[in-house]
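Read through the structure below, which is laid out as structure tokens, and then see the notes.
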Amino acid sequence: QLQASGGGLVQAGGSLKLSCTASVRTKSLYRMGWLRQAPGRERELVASIDWNGRIPNYADSMKGRFTISTDKAKSTVYLHMNSLKAEDTALYYCAAKRVGDHEYTYWGQGTLVTVSS
């Protein structure tokens with residue numbers, strides 16, 4: 001129901017753009033998020049935004065480097081990542097909440113980002 005793509009291998013300081021396309025009924029979507037999980041670490045929220053592209057929210061370590069956005073016409077949410085660091089290496093997931101959900105209900109399959117130092 002959520003299809004993530006765009007991961008890959010990039011050198012430190014480089015950029016990547018992740019995409020997540022929703023095949024669910026998008027009118028029911030409330031908030032979209034990108035989360036990541038590095039080996040041996042807990043999953044953490046990277047950024048989130050409402051489905052209309054408003055009220056973006058970022059984890060402190062991503063502020064100024066990552067940008068989340070939506071394109072409702074394409075049913076897609078993006079994560080633009082700049083100035084990548086080795087510690088950004090992780091499996092990145094997109095997720096979605098519906099109106100009334102307290103937790104993310106829909107999850108993508110994850111796309112791997114590897115940053116070489």
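Labeling convention for the structure tokens: chains A, B, ... as they appear, residues from 1 per chain, ligands from 1 in order of appearance.
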
Which residues are close to Leu112 (chain A), i.e. within 9 Å by only C-alpha atoms, leaving aside same-chain residues fewer than 2 positions away? Reply as a ChimeraX atom specification. /A:5-9,89-93,110,114

Skip Arg98 (chain A) itself and residues of its chain fewer than 3 positions away, then list as a VMD selection string all residues within 9 Å of it, counting only C-alpha atoms. chain A and resid 26 to 31 101 to 106

Could you give me the residues within region 32-112 of chain A that DSSP places in strand (DSSP E or B), as a ChimeraX atom specification? /A:32-37,44-50,57-58,66-71,76-81,90-98,106-107,111-112

Within 9 Å of region 74-84 of chain A, which residues of region 31-52 of chain A come that close, and what is the closest atom pair and distance in Å for each? Count only C-alpha atoms and give it as a Markdown table.
| residue | atom | partner | partner_atom | distance |
| --- | --- | --- | --- | --- |
| A:Met32 | CA | A:Val77 | CA | 7.3 |
| A:Gly33 | CA | A:Val77 | CA | 8.5 |
| A:Trp34 | CA | A:Leu79 | CA | 7.5 |
| A:Ala47 | CA | A:Leu79 | CA | 8.2 |
| A:Ile49 | CA | A:Val77 | CA | 8.9 |
| A:Trp51 | CA | A:Val77 | CA | 8.2 |

Could you please determine the separation between CA of Gly14 (chain A) and CA of Leu45 (chain A) in Å, to one decimal place? 21.1 Å

Restricting the calculation to only C-alpha atoms: of A:Ile68, A:Leu2, A:Met62, A:Leu35, which residue gets closest to Cys20 (chain A)? A:Leu2

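Remark: for Ile55 (chain A), the closest of the candidate residues A:Arg36, A:Thr70, A:Ser15, A:Ser117 is A:Thr70 (distances computed over only C-alpha atoms).
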
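Here the question is which of A:Leu16, A:Ala59, A:Ala22, A:Val10 gets nearest to Gln109 (chain A) using only C-alpha atoms, and that residue is A:Ala22.
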
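Among A:Cys94, A:Val99, A:Leu18, A:Val46, the residue with the shortest atom-to-atom distance to Val113 (chain A), counting only C-alpha atoms, is A:Leu18.
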
Extract the full set of helix (DSSP H, G or I) residues from chain A according to DSSP on the backbone, and format it as an mmCIF file with C-alpha atoms, in the first residue's frame.
data_model
loop_
_atom_site.group_PDB
_atom_site.id
_atom_site.type_symbol
_atom_site.label_atom_id
_atom_site.label_comp_id
_atom_site.auth_asym_id
_atom_site.auth_seq_id
_atom_site.Cartn_x
_atom_site.Cartn_y
_atom_site.Cartn_z
ATOM 1 C CA THR A 26 -5.425 8.871 -0.022
ATOM 2 C CA LYS A 27 -8.420 10.918 1.138
ATOM 3 C CA SER A 28 -8.195 8.975 4.385
ATOM 4 C CA ASP A 60 16.807 17.616 15.472
ATOM 5 C CA SER A 61 19.694 15.898 13.711
ATOM 6 C CA MET A 62 17.940 16.228 10.336
ATOM 7 C CA LYS A 72 -0.967 14.850 -3.771
ATOM 8 C CA ALA A 73 -1.487 14.595 -7.521
ATOM 9 C CA LYS A 74 1.067 11.780 -7.570
ATOM 10 C CA ALA A 86 27.803 8.041 7.663
ATOM 11 C CA GLU A 87 25.450 7.976 10.637
ATOM 12 C CA ASP A 88 22.504 8.470 8.274
#

Rounded to one decimal, what separation in Å do you get between CA of Pro39 (chain A) and CA of Phe66 (chain A)? 20.8 Å

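Distance-wise, CA of Gly100 (chain A) and CA of Arg41 (chain A) end up 28.9 Å apart.
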
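In this comparison, which uses only C-alpha atoms, the residue of A:Asn57, A:Arg43, A:Ala38, A:Thr67 approaching Ser19 (chain A) most closely is A:Thr67.
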
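If only C-alpha atoms are the atoms counted, then among A:Gly40, A:Ala95, A:Gly53, A:Gly64 the closest residue to Trp107 (chain A) is A:Ala95.
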